[in-house]
Amino acid sequence: MNSLSLRTQQQGIRRTLWWLLLMLCGSVAFTVALVPLYDVFCELTGINGKGVNSAQVLQSTGIDQQRNVEVQMVTRTAAGMNWHFSATLSHKAVHPGEIHQMWFRMQNLGRTTGRARAVPSISPAEASNYFLKLECFCFNDQQLAAGEVLEVPVVFQIRSDLPEDLHRLTLAYTLYPQTGP
Amino acid sequence: MTSNSYSSATEHAHEPQLRGLKRWLLTTNHKEIGTLYLIFSLTMFFIGGTMALVIRAELFQPGLQLVQPEFFNQMTTMHGLIMVFGAVMPAFVGLANWMVPLQIGAPDMALPRLNNFSFWLLPLAFSLLLSSLFMEGGGPNFGWTFYAPLSTTYAPPSTNFFILSIHLAGISSILGAINIIATILNMRTPAMKLMDMPLFVWTWLITAFLLLAVMPVLAGVVTMMLLDINFGTSFFNAAGGGDPVLFQHLFWFFGHPEVYIMILPAFGIASMIVPAFARKRLFGYRSMVYATASIAILSFVVWAHHMFTVGLPLAAQLFFMYATMLIAVPTGVKVFNWVATLFHGSISFEVPMLFTLAFIVQFTIGGLSGVMLAIVPADYQYHDTYFVVAHFHYVLVPGAVFAIIAGVYYWLPKWTGYYPDETLGRWHFWLSVIGVNLTFFPMHFSGLAGMPRRIPDYALQFADFNLLSSLGGFLFGLSQLLLVWVVVRCVRGGKPAPDNPWEGAEGLEWTVPSPAPLHTFSTPPEFIPERDSPSRA
């Protein structure tokens, strides 16, 4: 191999290297973008059952008196959390389009003041985009002194265009301790 | 060419020969680095194998006999991590280092110093990983898939070391992949077009692109774990607005292409050895290349078949089921391709061919149980049972590992100048085949009967199958010592091998002397596509 073709080869290697580094940067950027993409995808499709984490606007599409949908309330506290957390009503039959209010009761059984936040989950997940929370205690942290009891509401509406095959929704809240500011 | 211009451009090749430790520490020679990779991988194979034997010894009979459940979990985790990242992947990189330049007629890798760096990252990474076993709280115990929150909220304190070692191994893989691509694309001997390359080179080119695409995702996942553990972020923590399922999506977006990273070069090795010992050209060179590329592309759209049970929407489950089954098509193209090559061939059964034939049969068994697992309703039943363990061990051990061993036997005469001992090789082969099938075949049955994976104890009805698996495991593990003996004997001496030790073997690697001198192809070899190309008419 003469020096000329050797130089072309070295240039070729350098060029390939730049392309590969560019590709590598592309994969890194893609990886970083995956997290927000996942969140946006889940919010649009509702497939992780989280729903929207802020107050939603009332939909005035009329009430479907013919249909009854059962809404179940499930509560749990995170492992090791010394709070009591329950729904005052375990289930309720509602018509799609109606506005309802449900109450939840939480009590700090510990000896120190604590702060907690409820994280909602709706199943089946495909219903989560039809479950509108007009007001929810889960939008904010709750601070309770030792032994203090608090009753908190969620105001919700099930959109009247809820898919026909859904007859029962489960709204699950998990209470997690909050630390930091 | 003038000798002057050559030596100035490849200076590293003409430095004074170093001796002892420094020679290996500072080497930039692709053959020496290839040897280092292979020795490292063999060492890791035995370390990971010892852990597998601890697992099999504990599972020999029901009840807890030898180890505590916490240590058992560390063994399953470390066994998986070491075999995947420390044994199988470096073995393929080692073979690529040795053979890719020889097969394309290049004097060395494109970036020799980088090559040295990517190798020496590995011993560092795995000493760190192994050292975590001796730390307070023990080593990683969350399974090789390190699902959050097991690997974040509930992880032992040593997890930071685990994360660092995965980072190092990942950087090593990325640099290795860059080097291999740069070599293949720029340093082929002048007349060799892409479609004239040996299939081992082709499969490695595609594998290297896969590595480049998904290793950053793995790095991203472990970085998020690091942030979740130490800096209060909540990527995978539901309490802070994160999502543990996100971890699984990210992990398997890396993990599924990773599976093919560990099998594509094995396809390449089989596609070299089958034609050589059938004394026939490969039935369909082009279809083999296209099938490899199709598998690589499809590997990016099937990841969620590892997580059918997390509660995916029906449409997603159907998509991932059909996409997964689609992979059986290019894989079938490959298997039929090898079979068609054997058809009407004049076959001889030297040790490399024995291992390759076993690879084809056993890999197909693993592939078929993969199709079973792809069926969503069936997967709900099989998920997290020993059926899954049987499936992925069939593609990885009697699959990828057998192909690596076949490659070692095939190229040993070129590396050492001597034939490996045929009798010992046959013993090694038959003990391995019997051992490996005795280990993993009963796992299909214990899995179908409902035995969950990753448990140190089990219900009595699984006792017989587990006894068989344990016996097979020890047989397979111990018979690998024969491989070491064969290799050591072959390095020391034996029947001298000519330049081309196999009657039907083709390729540029057989035009250099045996053993291959440290520097080969300082002038590009003659390559006439009409005569030498594996795709010639």
# chains A, B, ... in the order shown; residues from 1 in each chain; ligands from 1

call {"tool": "select_by_dssp", "arguments": {"residues": "chain A", "states": "strand (DSSP E or B)", "output": "PyMOL selection string"}}
result
chain A and resi 69-77+83-87+91-94+99-108+114-123+131-136+142-144+149-158+168-177

call {"tool": "interface_residues", "arguments": {"of": "chain A", "to": "chain B", "cutoff": "8 Å", "atoms": "only C-alpha atoms", "output": "PyMOL selection string"}}
result
chain A and resi 1-3+6+9+12-13+16-17+20+23-24+27-28+31-32+35+38+47+117+119+125-126+175-178

call {"tool": "write_last_selection", "arguments": {"atoms": "C-alpha atoms", "output": "PDB file, in the first residue's frame"}}
result
ATOM      1  CA  MET A   1       0.000   0.000   0.000  1.00  0.00           C
ATOM      2  CA  ASN A   2       1.492   3.352  -0.966  1.00  0.00           C
ATOM      3  CA  SER A   3       1.505   6.419   1.219  1.00  0.00           C
ATOM      4  CA  LEU A   6      -2.727   4.931   3.298  1.00  0.00           C
ATOM      5  CA  GLN A   9      -7.560   5.223   4.463  1.00  0.00           C
ATOM      6  CA  GLY A  12     -11.721   7.471   5.785  1.00  0.00           C
ATOM      7  CA  ILE A  13     -11.279   6.200   9.329  1.00  0.00           C
ATOM      8  CA  THR A  16     -16.256   7.167   9.885  1.00  0.00           C
ATOM      9  CA  LEU A  17     -15.263   8.093  13.408  1.00  0.00           C
ATOM     10  CA  LEU A  20     -20.069   7.155  14.636  1.00  0.00           C
ATOM     11  CA  MET A  23     -24.580   8.491  15.986  1.00  0.00           C
ATOM     12  CA  LEU A  24     -23.494   7.938  19.575  1.00  0.00           C
ATOM     13  CA  SER A  27     -28.401   7.573  20.902  1.00  0.00           C
ATOM     14  CA  VAL A  28     -27.502   9.482  24.067  1.00  0.00           C
ATOM     15  CA  THR A  31     -32.053   8.076  25.768  1.00  0.00           C
ATOM     16  CA  VAL A  32     -32.383  11.390  27.577  1.00  0.00           C
ATOM     17  CA  VAL A  35     -38.172   9.857  29.861  1.00  0.00           C
ATOM     18  CA  TYR A  38     -42.721   8.371  27.999  1.00  0.00           C
ATOM     19  CA  ILE A  47     -52.095   3.909  29.557  1.00  0.00           C
ATOM     20  CA  ARG A 117     -48.996  12.883  49.243  1.00  0.00           C
ATOM     21  CA  VAL A 119     -50.751   9.261  44.206  1.00  0.00           C
ATOM     22  CA  ALA A 125     -55.983   2.284  32.502  1.00  0.00           C
ATOM     23  CA  GLU A 126     -57.973   3.040  29.380  1.00  0.00           C
ATOM     24  CA  LEU A 175     -50.223   7.605  50.337  1.00  0.00           C
ATOM     25  CA  TYR A 176     -46.476   8.245  50.256  1.00  0.00           C
ATOM     26  CA  PRO A 177     -44.452  10.107  52.858  1.00  0.00           C
ATOM     27  CA  GLN A 178     -42.952  13.362  51.609  1.00  0.00           C
TER      28      GLN A 178
END

call {"tool": "residues_around", "arguments": {"residues": "stretch 361-370 of chain B", "least_positions_apart": "3", "cutoff": "7 Å", "atoms": "only C-alpha atoms", "output": "list in words"}}
result
Leu357, Ala358, Leu373, Ala374, His391, Phe392, Tyr394, Val395, Pro398 and Gly399 of chain B

call {"tool": "select_by_dssp", "arguments": {"residues": "stretch 171-417 of chain B", "states": "alpha helix (DSSP H)", "output": "PyMOL selection string"}}
result
chain B and resi 171-186+199-230+244-261+264-278+285-298+314-326+328-342+351-374+376-382+386-395+402-416

call {"tool": "atom_distance", "arguments": {"atom1": "atom CA of A:Tyr173", "atom2": "atom CA of A:Gly49"}}
result
11.6 Å

call {"tool": "closest_residue", "arguments": {"among": "B:Val67, B:Val486, B:Val401, B:Leu38", "to": "B:Val54", "atoms": "only C-alpha atoms"}}
result
B:Val67

call {"tool": "residues_around", "arguments": {"residues": "stretch 86-95 of chain A", "least_positions_apart": "5", "cutoff": "9 Å", "atoms": "only C-alpha atoms", "output": "PyMOL selection string"}}
result
chain A and resi 63-76+100+102-106+158+160+168+170

call {"tool": "residues_around", "arguments": {"residues": "A:Asn82", "least_positions_apart": "2", "cutoff": "8 Å", "atoms": "only C-alpha atoms", "output": "JSON list (two decimals) with N, CA and C atoms, in the first residue's frame"}}
result
[["chain", "number", "residue", "atom", "x", "y", "z"],
["A", 80, "GLY", "N", -44.31, 0.99, 55.68],
["A", 80, "GLY", "CA", -43.64, 1.63, 56.81],
["A", 80, "GLY", "C", -44.24, 2.97, 57.20],
["A", 84, "HIS", "N", -53.18, 6.28, 59.05],
["A", 84, "HIS", "CA", -54.38, 5.56, 58.66],
["A", 84, "HIS", "C", -54.99, 6.30, 57.48],
["A", 108, "ASN", "N", -52.79, 10.75, 61.19],
["A", 108, "ASN", "CA", -51.38, 10.50, 61.49],
["A", 108, "ASN", "C", -51.30, 9.76, 62.82],
["A", 109, "LEU", "N", -50.94, 8.49, 62.79],
["A", 109, "LEU", "CA", -50.89, 7.70, 64.01],
["A", 109, "LEU", "C", -49.53, 7.81, 64.71],
["A", 110, "GLY", "N", -48.61, 8.51, 64.09],
["A", 110, "GLY", "CA", -47.27, 8.62, 64.65],
["A", 110, "GLY", "C", -47.18, 9.68, 65.74]]

call {"tool": "closest_residue", "arguments": {"among": "B:Phe349, B:Tyr380, B:Phe72, B:Tyr37", "to": "B:Ala278", "atoms": "only C-alpha atoms"}}
result
B:Phe349

call {"tool": "atom_distance", "arguments": {"atom1": "atom CA of B:Gly494", "atom2": "atom CA of B:Tyr419"}}
result
6.4 Å

call {"tool": "closest_residue", "arguments": {"among": "B:Asp457, B:Val302, B:Asn466, B:Phe355", "to": "B:Phe445", "atoms": "only C-alpha atoms"}}
result
B:Asn466

call {"tool": "atom_distance", "arguments": {"atom1": "atom CA of B:Asn141", "atom2": "atom CA of B:Asn73"}}
result
4.9 Å
